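Visitor: Pasting entry26.tsv here (TSV, C-alpha atoms):
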chain	number	residue	atom	x	y	z
A	1	MET	CA	-21.69	8.17	11.16
A	2	SER	CA	-22.25	10.81	8.49
A	3	ASP	CA	-19.96	13.31	10.23
A	4	SER	CA	-17.47	10.84	11.68
A	5	PRO	CA	-13.91	11.30	10.36
A	6	VAL	CA	-13.36	7.52	10.51
A	7	PHE	CA	-15.73	4.88	9.13
A	8	GLU	CA	-15.85	1.48	7.50
A	9	LEU	CA	-15.88	0.92	3.73
A	10	LEU	CA	-16.83	-1.87	1.38
A	11	GLY	CA	-14.33	-2.46	-1.40
A	12	SER	CA	-15.16	-3.45	-4.97
A	13	VAL	CA	-14.33	-6.99	-6.19
A	14	GLN	CA	-13.05	-7.62	-9.74
A	15	ASN	CA	-13.62	-11.13	-11.09
A	16	TYR	CA	-10.96	-11.17	-13.82
A	17	GLU	CA	-10.34	-14.65	-15.25
A	18	TRP	CA	-6.72	-14.79	-14.05
A	19	GLY	CA	-7.72	-14.64	-10.38
A	20	LYS	CA	-7.76	-17.53	-7.93
A	21	VAL	CA	-11.15	-19.20	-7.70
A	22	GLY	CA	-13.56	-19.05	-4.79
A	23	SER	CA	-12.38	-19.08	-1.19
A	24	ALA	CA	-8.87	-20.12	-2.26
A	25	SER	CA	-8.41	-16.44	-3.19
A	26	ILE	CA	-7.22	-14.04	-0.52
A	27	VAL	CA	-9.39	-11.44	-2.25
A	28	ALA	CA	-12.46	-13.56	-1.51
A	29	GLN	CA	-11.26	-14.08	2.06
A	30	VAL	CA	-10.90	-10.36	2.85
A	31	ALA	CA	-13.70	-8.88	0.72
A	32	GLN	CA	-16.39	-9.52	3.40
A	33	GLN	CA	-18.89	-10.43	0.70
A	34	PRO	CA	-20.64	-13.73	-0.20
A	35	VAL	CA	-18.27	-16.04	-2.09
A	36	ASP	CA	-19.23	-17.95	-5.24
A	37	GLU	CA	-16.91	-20.96	-5.27
A	38	GLY	CA	-17.07	-21.10	-9.06
A	39	LYS	CA	-15.91	-17.53	-9.65
A	40	PRO	CA	-12.39	-16.10	-9.84
A	41	TYR	CA	-11.65	-13.38	-7.29
A	42	ALA	CA	-8.78	-11.40	-8.80
A	43	GLU	CA	-8.74	-7.94	-7.20
A	44	LEU	CA	-10.25	-5.95	-4.35
A	45	TRP	CA	-10.28	-2.21	-5.06
A	46	MET	CA	-10.34	0.40	-2.29
A	47	GLY	CA	-10.71	4.03	-3.34
A	48	THR	CA	-12.81	6.34	-5.47
A	49	HIS	CA	-11.96	5.16	-8.99
A	50	ALA	CA	-15.08	4.96	-11.17
A	51	ASN	CA	-14.30	1.41	-12.34
A	52	GLY	CA	-14.49	0.04	-8.80
A	53	PRO	CA	-15.70	2.62	-6.26
A	54	SER	CA	-15.77	1.87	-2.56
A	55	LEU	CA	-18.98	2.36	-0.60
A	56	VAL	CA	-19.62	3.62	2.93
A	57	ARG	CA	-20.54	0.35	4.63
A	58	ALA	CA	-23.21	1.78	6.93
A	59	THR	CA	-25.19	3.57	4.22
A	60	GLY	CA	-24.15	2.20	0.82
A	61	GLN	CA	-23.21	5.72	-0.26
A	62	PRO	CA	-20.26	5.93	-2.68
A	63	LEU	CA	-17.14	7.19	-0.92
A	64	ARG	CA	-16.78	9.85	-3.61
A	65	ALA	CA	-20.23	11.23	-2.74
A	66	TRP	CA	-19.32	11.32	0.96
A	67	ILE	CA	-16.11	13.22	0.17
A	68	GLU	CA	-18.07	15.66	-1.97
A	69	ALA	CA	-20.14	16.50	1.11
A	70	HIS	CA	-17.03	16.59	3.35
A	71	PRO	CA	-14.20	18.00	1.17
A	72	ALA	CA	-12.05	18.96	4.17
A	73	ALA	CA	-11.61	15.24	4.87
A	74	LEU	CA	-9.11	15.06	1.99
A	75	GLY	CA	-6.76	17.49	3.72
A	76	ASP	CA	-5.42	20.82	2.50
A	77	ALA	CA	-2.13	19.29	1.34
A	78	LEU	CA	-3.94	16.84	-0.94
A	79	ARG	CA	-6.41	19.41	-2.25
A	80	THR	CA	-3.59	21.84	-3.04
A	81	ARG	CA	-1.45	19.24	-4.77
A	82	TRP	CA	-4.28	17.74	-6.86
A	83	PRO	CA	-6.94	20.44	-7.30
A	84	GLU	CA	-8.31	18.68	-10.38
A	85	LEU	CA	-8.94	15.47	-8.41
A	86	SER	CA	-10.15	17.06	-5.18
A	87	GLY	CA	-12.56	19.15	-7.26
A	88	GLU	CA	-14.08	15.84	-8.35
A	89	SER	CA	-13.96	14.42	-4.79
A	90	GLN	CA	-11.41	11.78	-5.76
A	91	LEU	CA	-8.38	10.31	-4.04
A	92	PRO	CA	-5.07	10.41	-5.96
A	93	PHE	CA	-4.34	6.77	-5.08
A	94	LEU	CA	-6.02	3.40	-5.53
A	95	PHE	CA	-5.34	0.52	-3.14
A	96	LYS	CA	-5.83	-3.12	-4.15
A	97	ILE	CA	-5.35	-6.71	-3.05
A	98	LEU	CA	-4.51	-9.13	-5.90
A	99	SER	CA	-4.77	-12.92	-6.01
A	100	VAL	CA	-3.03	-14.26	-9.13
A	101	ALA	CA	-3.51	-17.82	-10.39
A	102	LYS	CA	-2.50	-17.21	-13.99
A	103	ALA	CA	-0.03	-14.82	-15.58
A	104	LEU	CA	-1.24	-11.31	-16.33
A	105	SER	CA	-0.42	-9.62	-19.61
A	106	ILE	CA	2.97	-8.23	-20.63
A	107	GLN	CA	2.11	-4.60	-19.99
A	108	ALA	CA	3.18	-1.10	-19.07
A	109	HIS	CA	1.40	1.97	-17.77
A	110	PRO	CA	1.83	5.33	-19.54
A	111	ASP	CA	3.33	8.42	-17.96
A	112	LYS	CA	1.13	11.50	-17.56
A	113	ALA	CA	1.92	13.02	-20.94
A	114	LEU	CA	1.26	9.81	-22.84
A	115	ALA	CA	-1.85	9.01	-20.78
A	116	ALA	CA	-3.33	12.41	-21.62
A	117	SER	CA	-2.48	11.94	-25.30
A	118	LEU	CA	-3.95	8.42	-25.44
A	119	ALA	CA	-7.15	9.57	-23.75
A	120	VAL	CA	-7.64	12.16	-26.50
A	121	ARG	CA	-6.53	10.08	-29.49
A	122	ARG	CA	-7.84	6.67	-28.44
A	123	GLY	CA	-10.41	7.27	-25.76
A	124	ASP	CA	-12.24	4.07	-26.65
A	125	LEU	CA	-9.29	2.07	-25.28
A	126	TYR	CA	-7.62	4.47	-22.85
A	127	LYS	CA	-10.19	6.34	-20.81
A	128	ASP	CA	-7.90	7.56	-18.02
A	129	SER	CA	-5.74	10.64	-18.53
A	130	ASN	CA	-3.66	9.90	-15.42
A	131	HIS	CA	-0.42	7.97	-15.06
A	132	LYS	CA	-0.24	4.71	-13.11
A	133	PRO	CA	3.02	4.05	-11.27
A	134	GLU	CA	2.49	1.35	-8.68
A	135	MET	CA	3.95	-0.55	-5.73
A	136	ALA	CA	3.47	-4.31	-5.33
A	137	LEU	CA	3.99	-5.79	-1.84
A	138	ALA	CA	4.01	-9.59	-1.51
A	139	VAL	CA	1.52	-10.93	1.03
A	140	SER	CA	1.89	-14.60	0.07
A	141	ALA	CA	5.02	-16.62	0.84
A	142	VAL	CA	6.15	-16.06	-2.75
A	143	PHE	CA	4.93	-13.54	-5.31
A	144	GLU	CA	6.28	-13.92	-8.84
A	145	ALA	CA	6.61	-11.22	-11.49
A	146	LEU	CA	8.45	-10.19	-14.62
A	147	CYS	CA	9.62	-6.59	-14.52
A	148	GLN	CA	12.04	-4.30	-16.30
A	149	PHE	CA	14.60	-5.45	-18.87
A	150	ARG	CA	17.41	-7.72	-17.69
A	151	PRO	CA	21.04	-6.58	-17.73
A	152	ARG	CA	22.29	-6.50	-21.31
A	153	HIS	CA	24.86	-9.28	-20.84
A	154	ASP	CA	22.11	-11.58	-19.53
A	155	ILE	CA	19.96	-10.90	-22.60
A	156	CYS	CA	22.98	-11.64	-24.83
A	157	ARG	CA	23.47	-14.93	-23.03
A	158	SER	CA	19.84	-15.89	-23.65
A	159	LEU	CA	20.23	-15.07	-27.33
A	160	GLN	CA	23.15	-17.50	-27.43
A	161	LEU	CA	21.56	-20.29	-25.38
A	162	SER	CA	18.03	-20.16	-26.77
A	163	PRO	CA	18.10	-20.75	-30.53
A	164	GLU	CA	14.30	-20.48	-30.65
A	165	LEU	CA	14.40	-16.92	-29.26
A	166	ARG	CA	17.11	-15.98	-31.74
A	167	ARG	CA	15.16	-17.33	-34.71
A	168	VAL	CA	12.00	-15.48	-33.64
A	169	VAL	CA	13.69	-12.06	-33.33
A	170	GLY	CA	15.85	-12.69	-36.39
A	171	GLU	CA	19.60	-12.67	-36.84
A	172	SER	CA	19.73	-8.97	-37.73
A	173	ALA	CA	18.13	-7.71	-34.49
A	174	ALA	CA	20.08	-10.24	-32.40
A	175	CYS	CA	23.44	-9.29	-33.91
A	176	GLN	CA	22.69	-5.58	-33.67
A	177	PHE	CA	21.98	-5.89	-29.95
A	178	GLU	CA	24.98	-8.09	-29.26
A	179	GLY	CA	27.23	-5.68	-31.15
A	180	VAL	CA	26.41	-2.68	-28.96
A	181	ALA	CA	25.57	-4.34	-25.61
A	182	ALA	CA	29.03	-4.02	-24.08
A	183	ASP	CA	30.53	-0.67	-25.00
A	184	ALA	CA	28.22	1.58	-27.01
A	185	ASP	CA	26.71	4.76	-25.58
A	186	GLU	CA	23.45	4.43	-23.66
A	187	SER	CA	21.19	5.83	-26.38
A	188	THR	CA	22.58	3.36	-28.93
A	189	GLN	CA	22.13	0.47	-26.51
A	190	LYS	CA	18.53	1.49	-25.79
A	191	ALA	CA	17.79	1.78	-29.52
A	192	ALA	CA	19.17	-1.73	-30.09
A	193	LEU	CA	17.11	-3.14	-27.20
A	194	ARG	CA	14.01	-1.42	-28.56
A	195	ALA	CA	14.67	-2.98	-31.98
A	196	LEU	CA	15.14	-6.40	-30.38
A	197	PHE	CA	11.97	-6.23	-28.28
A	198	THR	CA	9.97	-4.85	-31.21
A	199	ALA	CA	11.25	-7.67	-33.42
A	200	LEU	CA	10.05	-10.15	-30.80
A	201	MET	CA	6.60	-8.65	-30.27
A	202	THR	CA	5.93	-8.17	-34.01
A	203	ALA	CA	7.28	-11.52	-35.19
A	204	PRO	CA	4.92	-13.48	-37.51
A	205	GLU	CA	2.51	-15.63	-35.51
A	206	ASP	CA	3.31	-18.81	-37.44
A	207	ARG	CA	7.02	-18.39	-36.69
A	208	VAL	CA	6.28	-17.76	-33.02
A	209	ARG	CA	4.08	-20.84	-32.71
A	210	SER	CA	6.60	-23.04	-34.50
A	211	GLU	CA	9.56	-21.88	-32.42
A	212	LEU	CA	7.64	-22.11	-29.15
A	213	GLN	CA	6.78	-25.69	-29.96
A	214	ALA	CA	10.45	-26.37	-30.67
A	215	LEU	CA	11.36	-24.71	-27.36
A	216	VAL	CA	8.84	-26.80	-25.43
A	217	SER	CA	10.07	-29.99	-27.10
A	218	ARG	CA	13.71	-29.19	-26.34
A	219	LEU	CA	13.12	-28.23	-22.71
A	220	SER	CA	10.77	-31.14	-22.05
A	221	ALA	CA	13.41	-33.58	-23.28
A	222	SER	CA	16.15	-32.02	-21.16
A	223	THR	CA	17.15	-33.57	-17.85
A	224	SER	CA	18.27	-30.22	-16.44
A	225	ILE	CA	16.56	-26.88	-17.04
A	226	ASP	CA	16.97	-23.70	-15.06
A	227	GLN	CA	14.34	-21.64	-13.26
A	228	ARG	CA	13.72	-19.33	-16.21
A	229	GLU	CA	13.18	-22.26	-18.57
A	230	GLN	CA	10.78	-23.84	-16.10
A	231	LEU	CA	8.90	-20.55	-16.09
A	232	ALA	CA	8.72	-20.53	-19.90
A	233	LEU	CA	7.17	-24.00	-19.87
A	234	ARG	CA	4.66	-23.00	-17.20
A	235	ILE	CA	3.55	-19.85	-19.00
A	236	HIS	CA	3.31	-21.74	-22.31
A	237	GLN	CA	0.84	-24.12	-20.66
A	238	GLN	CA	-1.30	-21.09	-19.77
A	239	PHE	CA	-0.85	-19.27	-23.11
A	240	PRO	CA	0.23	-21.80	-25.75
A	241	GLY	CA	1.75	-20.19	-28.83
A	242	ASP	CA	1.79	-16.67	-27.32
A	243	VAL	CA	4.84	-14.52	-28.06
A	244	GLY	CA	4.74	-13.24	-24.48
A	245	VAL	CA	6.21	-16.57	-23.35
A	246	LEU	CA	9.55	-15.55	-24.84
A	247	SER	CA	9.59	-12.31	-22.85
A	248	VAL	CA	10.90	-14.36	-19.91
A	249	TYR	CA	14.29	-14.21	-21.63
A	250	LEU	CA	14.30	-10.40	-21.83
A	251	LEU	CA	12.69	-9.34	-18.53
A	252	ASN	CA	13.84	-9.85	-14.94
A	253	TYR	CA	12.16	-12.76	-13.17
A	254	VAL	CA	11.47	-11.69	-9.58
A	255	ARG	CA	10.34	-13.87	-6.70
A	256	LEU	CA	9.36	-11.68	-3.77
A	257	GLY	CA	9.07	-13.06	-0.27
A	258	ARG	CA	6.29	-11.93	2.06
A	259	GLY	CA	6.91	-8.32	3.09
A	260	GLU	CA	9.10	-7.53	0.06
A	261	ALA	CA	8.00	-5.00	-2.55
A	262	ILE	CA	8.92	-3.55	-5.93
A	263	PHE	CA	8.12	-0.13	-7.35
A	264	LEU	CA	6.99	-0.12	-10.97
A	265	ALA	CA	7.48	3.24	-12.65
A	266	ALA	CA	5.54	4.43	-15.67
A	267	ASN	CA	6.67	3.06	-19.05
A	268	GLU	CA	8.34	-0.03	-17.56
A	269	PRO	CA	7.36	-3.51	-18.82
A	270	HIS	CA	6.05	-6.02	-16.31
A	271	ALA	CA	3.70	-8.94	-15.74
A	272	TYR	CA	2.50	-10.48	-12.49
A	273	LEU	CA	2.75	-14.27	-12.68
A	274	ALA	CA	1.52	-15.94	-9.49
A	275	GLY	CA	0.84	-15.31	-5.82
A	276	GLU	CA	-0.84	-12.56	-3.85
A	277	CYS	CA	0.08	-8.96	-3.22
A	278	ALA	CA	-1.10	-5.65	-1.91
A	279	GLU	CA	-0.84	-3.06	-4.67
A	280	LEU	CA	-0.92	0.72	-4.31
A	281	MET	CA	-0.93	2.99	-7.34
A	282	ALA	CA	-1.90	6.33	-8.73
A	283	ALA	CA	-5.63	6.45	-9.37
A	284	SER	CA	-5.78	5.14	-12.92
A	285	ASP	CA	-6.81	2.06	-14.87
A	286	ASN	CA	-4.59	2.63	-17.91
A	287	VAL	CA	-2.94	-0.55	-19.22
A	288	VAL	CA	-1.08	-0.99	-22.53
A	289	ARG	CA	-0.79	-4.73	-23.33
A	290	ALA	CA	1.23	-6.75	-25.84
A	291	GLY	CA	1.20	-10.42	-24.85
A	292	LEU	CA	-0.19	-13.12	-22.53
A	293	THR	CA	-3.74	-11.83	-22.86
A	294	PRO	CA	-6.92	-12.39	-24.84
A	295	LYS	CA	-7.50	-8.62	-24.66
A	296	TYR	CA	-6.43	-6.08	-27.28
A	297	LYS	CA	-2.67	-6.04	-27.84
A	298	ASP	CA	-1.39	-2.55	-28.61
A	299	VAL	CA	2.11	-3.60	-29.64
A	300	GLU	CA	2.98	-0.35	-31.41
A	301	THR	CA	2.17	1.82	-28.40
A	302	LEU	CA	3.89	-0.51	-25.93
A	303	THR	CA	7.14	-0.86	-27.87
A	304	SER	CA	7.34	2.90	-28.47
A	305	MET	CA	6.60	4.00	-24.88
A	306	LEU	CA	9.11	1.94	-22.87
A	307	THR	CA	12.20	3.47	-21.24
A	308	TYR	CA	14.38	0.46	-22.19
A	309	ARG	CA	16.31	0.78	-18.96
A	310	THR	CA	18.16	-2.40	-18.03
A	311	GLY	CA	19.18	-3.93	-14.73
A	312	ALA	CA	17.62	-5.76	-11.80
A	313	PRO	CA	14.79	-3.97	-9.96
A	314	THR	CA	15.31	-2.77	-6.41
A	315	VAL	CA	13.57	-4.98	-3.85
A	316	LEU	CA	12.18	-2.97	-0.93
A	317	ARG	CA	11.84	-4.49	2.52
A	318	GLY	CA	10.32	-1.55	4.36
A	319	ASP	CA	12.00	1.14	6.42
A	320	SER	CA	11.25	0.99	10.13
A	321	SER	CA	12.49	2.74	13.24
A	322	ASP	CA	10.33	0.89	15.76
A	323	GLY	CA	9.62	-2.54	14.29
A	324	VAL	CA	5.87	-1.83	14.02
A	325	ARG	CA	5.51	0.68	11.21
A	326	HIS	CA	7.26	-0.25	7.94
A	327	THR	CA	7.30	2.31	5.15
A	328	TYR	CA	7.82	1.47	1.49
A	329	PRO	CA	9.06	4.70	-0.08
A	330	ALA	CA	8.19	5.56	-3.68
A	331	PRO	CA	9.73	8.40	-5.72
A	332	ILE	CA	6.33	10.02	-6.35
A	333	ASP	CA	3.77	11.86	-4.26
A	334	ASP	CA	0.62	10.07	-5.47
A	335	PHE	CA	0.83	7.40	-2.78
A	336	LEU	CA	2.61	6.05	0.29
A	337	LEU	CA	2.31	2.45	1.47
A	338	GLU	CA	2.93	1.34	5.05
A	339	THR	CA	2.37	-1.78	7.10
A	340	LEU	CA	1.59	-1.71	10.81
A	341	THR	CA	2.33	-4.97	12.65
A	342	LEU	CA	1.33	-4.93	16.30
A	343	PRO	CA	2.33	-7.74	18.68
A	344	ALA	CA	-0.49	-9.47	20.55
A	345	ASP	CA	-2.16	-7.40	23.28
A	346	SER	CA	-0.44	-4.14	22.38
A	347	THR	CA	-1.27	-0.55	21.52
A	348	TYR	CA	0.31	1.73	18.92
A	349	ASP	CA	-0.16	5.45	18.30
A	350	VAL	CA	-0.37	5.90	14.53
A	351	GLY	CA	-0.80	9.67	14.69
A	352	GLY	CA	-2.61	11.79	12.13
A	353	ARG	CA	-1.96	12.18	8.41
A	354	PRO	CA	-1.96	15.39	6.36
A	355	ALA	CA	-4.06	13.58	3.73
A	356	ALA	CA	-6.97	11.15	3.82
A	357	SER	CA	-5.99	7.49	4.07
A	358	ILE	CA	-7.47	4.01	3.71
A	359	LEU	CA	-6.60	1.19	6.10
A	360	LEU	CA	-7.10	-2.54	5.61
A	361	CYS	CA	-6.98	-5.02	8.47
A	362	PHE	CA	-5.27	-7.95	6.79
A	363	GLU	CA	-4.66	-10.25	9.75
A	364	GLY	CA	-5.77	-10.44	13.37
A	365	CYS	CA	-8.36	-8.55	15.37
A	366	GLY	CA	-8.32	-5.24	17.20
A	367	GLN	CA	-9.66	-1.72	17.35
A	368	VAL	CA	-8.91	1.62	15.80
A	369	CYS	CA	-9.51	4.50	18.21
A	370	TRP	CA	-9.84	8.27	17.73
A	371	GLN	CA	-11.26	11.32	19.42
A	372	GLN	CA	-14.02	13.56	18.09
A	373	GLN	CA	-15.39	16.51	19.96
A	374	GLN	CA	-13.54	15.37	23.09
A	375	GLN	CA	-15.18	11.95	22.98
A	376	GLN	CA	-13.37	8.65	22.44
A	377	HIS	CA	-14.60	6.52	19.53
A	378	THR	CA	-13.70	2.94	18.60
A	379	LEU	CA	-14.17	0.85	15.47
A	380	ARG	CA	-13.68	-2.91	15.65
A	381	LEU	CA	-11.17	-4.49	13.29
A	382	GLN	CA	-11.20	-8.02	11.93
A	383	ARG	CA	-9.74	-9.57	8.81
A	384	GLY	CA	-11.01	-7.62	5.80
A	385	THR	CA	-12.16	-4.48	7.62
A	386	VAL	CA	-11.52	-1.46	5.38
A	387	VAL	CA	-11.45	1.96	7.05
A	388	PHE	CA	-11.47	5.48	5.64
A	389	VAL	CA	-9.60	7.99	7.80
A	390	SER	CA	-9.99	11.74	7.27
A	391	ALA	CA	-6.92	13.94	7.20
A	392	HIS	CA	-5.49	15.15	10.54
A	393	THR	CA	-7.24	12.43	12.55
A	394	PRO	CA	-4.83	10.94	15.12
A	395	LEU	CA	-5.38	7.21	15.50
A	396	THR	CA	-4.46	4.54	18.00
A	397	LEU	CA	-4.44	0.85	17.06
A	398	ARG	CA	-4.97	-1.95	19.54
A	399	SER	CA	-4.52	-5.66	18.94
A	400	SER	CA	-6.92	-8.00	20.69
A	401	PRO	CA	-7.44	-11.77	21.07
A	402	GLY	CA	-8.98	-13.73	18.23
A	403	THR	CA	-12.42	-15.32	18.25
A	404	ASP	CA	-10.99	-18.32	20.12
A	405	GLY	CA	-9.56	-16.05	22.81
A	406	SER	CA	-5.93	-16.65	21.90
A	407	PRO	CA	-3.52	-13.68	21.63
A	408	GLN	CA	-2.85	-12.65	18.03
A	409	PRO	CA	-0.74	-10.01	16.30
A	410	LEU	CA	-2.50	-7.40	14.19
A	411	LEU	CA	-1.44	-6.55	10.62
A	412	VAL	CA	-2.87	-3.40	9.04
A	413	PHE	CA	-2.01	-1.88	5.64
A	414	SER	CA	-2.09	1.90	5.36
A	415	SER	CA	-2.45	3.75	2.05
A	416	THR	CA	-2.35	7.52	1.66
A	417	ALA	CA	-0.89	10.30	-0.46
A	418	ASN	CA	2.80	11.09	-0.01
A	419	VAL	CA	2.37	14.73	0.98
A	420	CYS	CA	3.43	16.85	3.94
Once more with this new file: its structure as structure tokens, please.
Guide:
Amino acid sequence: MSDSPVFELLGSVQNYEWGKVGSASIVAQVAQQPVDEGKPYAELWMGTHANGPSLVRATGQPLRAWIEAHPAALGDALRTRWPELSGESQLPFLFKILSVAKALSIQAHPDKALAASLAVRRGDLYKDSNHKPEMALAVSAVFEALCQFRPRHDICRSLQLSPELRRVVGESAACQFEGVAADADESTQKAALRALFTALMTAPEDRVRSELQALVSRLSASTSIDQREQLALRIHQQFPGDVGVLSVYLLNYVRLGRGEAIFLAANEPHAYLAGECAELMAASDNVVRAGLTPKYKDVETLTSMLTYRTGAPTVLRGDSSDGVRHTYPAPIDDFLLETLTLPADSTYDVGGRPAASILLCFEGCGQVCWQQQQQQHTLRLQRGTVVFVSAHTPLTLRSSPGTDGSPQPLLVFSSTANVC
């Protein structure tokens, strides 16, 4: 195995408190590790990041150590593009599966310049000097998230219809935003939105608690509340008195169906709320938080770093020319996410990649096949099998019957760097 270009990995499980508990979590189902039914299983990490490194399944060796002994496996394109990472035997991307039972924090991830600055100035909190753009692909029937600021006219409407929100931010910030929302230049509009969001996130805690209680009382007594108000009530149950509850009125509420994805750029606010997703990102663990969390809230950094762009996010449904391979394009070269969905009893030539990749068999059974030194090799796939594939290794996938002998389709996620 030590010289094979293709081999099985073990991912690293993260038991964050917001994860689904025990075998109800898809993370627990695919991790191929013993499950403690009393523990939350929030994330499965696949990659070389130090906070959750993958291991070579056959030997227990860290993937990073294997790459150090086989640097050509990364591929020349990857090593040229990221010499600082390849010199440390690291991949530029980190692949995850998430299982969300409870809202994650209102957060954003810094761009490269800010990440480097934070690592120097506040290395106790921000240890990564890399940026963290990411792609979230729904794998449950519904995946819910808040992301990016709503269109300005929608925010104005919420300021009019939610007196509790207006009292928290204050009349000055509300009027300033409403006065420029329609026809001012973009920089003025962004400045007003920044002032509004900052007023919200820095509002006195006693005012926030009082107004949230008033909001809950008003909505609970109403016979007709909309989807966003239902969301506010649900999040308040999880985080009573937290100012992050009111962010539902400023951020887009997105409900992704299975197979739909959103790209989250650096310096954009977001929070995952419920459901399960595959997530691919630049290799970083930098998170700046300011609500819906018991962790440290760095409100000053978050409110100063955001782009304050407005508008609904683009929902991606995957580009495909053959119905098997679906590509979710991102405007960066750190990563590329694809799904490969094979019908029952079929074969598909994946081809080779110019950079190393990681595959996850998410559903079904099958084999991944490749040639080495003119010999054919096969690795069996079942749900949860994680596979490292060296650069320039042409692959063939085959779907096969399940354990009961019935024909089944095969669903494989592919993560790699977006290089040529």
Visitor: I need every residue sitting at most 7 Å from the point (0.5, -14.9, 0.2) (coordinates as in the file, all atoms listed in the file considered), written as a list of chain:residue names.
Guide: A:Ala138, A:Val139, A:Ser140, A:Ala141, A:Val142, A:Arg258, A:Gly275, A:Glu276, A:Cys277
Visitor: Find the distance between CA of Pro34 in chain A and CA of Asp404 in chain A and write it in Å to one decimal.
Guide: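 Pair CA of Pro34 in chain A / CA of Asp404 in chain A returns 23.0 Å.
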Visitor: Sort by chain and increasing residue number a table of all residues of range 57-141 of chain A within 8 Å of range 349-366 of chain A, each with its closest pair of atoms and their distance in Å to one decimal, counting all atoms listed in the file, and write it as a Markdown table.
Guide:
| residue | atom | partner | partner_atom | distance |
| --- | --- | --- | --- | --- |
| A:Ala73 | CA | A:Ala356 | CA | 6.3 |
| A:Leu74 | CA | A:Ala356 | CA | 4.8 |
| A:Gly75 | CA | A:Ala355 | CA | 4.8 |
| A:Asp76 | CA | A:Ala355 | CA | 7.5 |
| A:Ala77 | CA | A:Pro354 | CA | 6.4 |
| A:Leu78 | CA | A:Ala355 | CA | 5.7 |
| A:Phe95 | CA | A:Ile358 | CA | 8.0 |
Visitor: What is the CA of Thr80 in chain A-CA of Asn418 in chain A distance in Å, reported with one decimal?
Guide: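 Value for the CA of Thr80 in chain A-CA of Asn418 in chain A distance: 12.9 Å.
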Visitor: Please return as a list in words every residue within 12 Å of (-15.6, 7.2, -12.2), taking into account only C-alpha atoms and the file's own coordinates.
Guide: Gly47, Thr48, His49, Ala50, Asn51, Gly52, Pro53, Ser54, Pro62, Leu63, Arg64, Ala65, Leu85, Glu88, Ser89, Gln90, Leu91, Lys127, Asp128, Ala283, Ser284 and Asp285 of chain A
Visitor: Would you put the residues from that selection into a file with C-alpha atoms, as a JSON list (two decimals), keeping the file's coordinate frame?
Guide:
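Output saved as result-v2.json:
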[["chain", "number", "residue", "atom", "x", "y", "z"],
["A", 47, "GLY", "CA", -10.71, 4.03, -3.34],
["A", 48, "THR", "CA", -12.81, 6.34, -5.47],
["A", 49, "HIS", "CA", -11.96, 5.16, -8.99],
["A", 50, "ALA", "CA", -15.08, 4.96, -11.17],
["A", 51, "ASN", "CA", -14.30, 1.41, -12.34],
["A", 52, "GLY", "CA", -14.49, 0.04, -8.80],
["A", 53, "PRO", "CA", -15.70, 2.62, -6.26],
["A", 54, "SER", "CA", -15.77, 1.87, -2.56],
["A", 62, "PRO", "CA", -20.26, 5.93, -2.68],
["A", 63, "LEU", "CA", -17.14, 7.19, -0.92],
["A", 64, "ARG", "CA", -16.78, 9.85, -3.61],
["A", 65, "ALA", "CA", -20.23, 11.23, -2.74],
["A", 85, "LEU", "CA", -8.94, 15.47, -8.41],
["A", 88, "GLU", "CA", -14.08, 15.84, -8.35],
["A", 89, "SER", "CA", -13.96, 14.42, -4.79],
["A", 90, "GLN", "CA", -11.41, 11.78, -5.76],
["A", 91, "LEU", "CA", -8.38, 10.31, -4.04],
["A", 127, "LYS", "CA", -10.19, 6.34, -20.81],
["A", 128, "ASP", "CA", -7.90, 7.56, -18.02],
["A", 283, "ALA", "CA", -5.63, 6.45, -9.37],
["A", 284, "SER", "CA", -5.78, 5.14, -12.92],
["A", 285, "ASP", "CA", -6.81, 2.06, -14.87]]
Visitor: Using Å and a single decimal, report how far CA of Pro343 in chain A sits from CA of Trp45 in chain A.
Guide: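 Here the two named atoms are 27.4 Å from each other.
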Visitor: Would you mind telling me which residue in A:Asp154, A:Asp333, A:Glu205, A:Glu17 lies nearest to Ser105 in chain A when using only C-alpha atoms?
Guide: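 Comparing A:Asp154, A:Asp333, A:Glu205, A:Glu17 against Ser105 in chain A, the winner is A:Glu17.
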Visitor: I'd like to know which of A:Leu231, A:Ile155, A:Ala195, A:Ile262 is closest to Gly170 in chain A, using all atoms listed in the file.
Guide: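 Closest residue, counting all atoms listed in the file: A:Ala195.
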Visitor: Sort by chain and increasing residue number a table of all residues of range 200-298 of chain A within 8 Å of range 131-134 of chain A, each with its closest pair of atoms and their distance in Å to one decimal, counting all atoms listed in the file, and write it as CSV.
Guide:
residue,atom,partner,partner_atom,distance
A:Phe263,CA,A:Glu134,CA,6.0
A:Leu264,CA,A:Glu134,CA,5.3
A:Ala265,CA,A:Pro133,CA,4.7
A:Ala266,CA,A:Pro133,CA,5.1
A:Glu279,CA,A:Glu134,CA,6.8
A:Leu280,CA,A:Glu134,CA,5.6
A:Met281,CA,A:Glu134,CA,4.0
A:Ala282,CA,A:Lys132,CA,5.0
A:Ala283,CA,A:Lys132,CA,6.8
A:Ser284,CA,A:Lys132,CA,5.6
A:Asp285,CA,A:Lys132,CA,7.3
A:Asn286,CA,A:Lys132,CA,6.8
Visitor: For Asp298 in chain A, which residue out of A:Ala31, A:Leu395, A:Ala344, A:Met201 is the nearest one, using only C-alpha atoms?
Guide: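 Among the listed residues, the smallest separation from Asp298 in chain A belongs to A:Met201.
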Visitor: Which residue gives the smallest distance to Gln230 in chain A among A:His392, A:Gln367, A:Ser158, A:Val248, with only C-alpha atoms counted?
Guide: A:Val248
Visitor: For a quick check of understanding, using only C-alpha atoms, which of A:Ser224, A:Glu68, A:Phe7, A:Phe93 has the smallest distance to Arg380 in chain A?
Guide: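 Distance minimum relative to Arg380 in chain A lands on A:Phe7.
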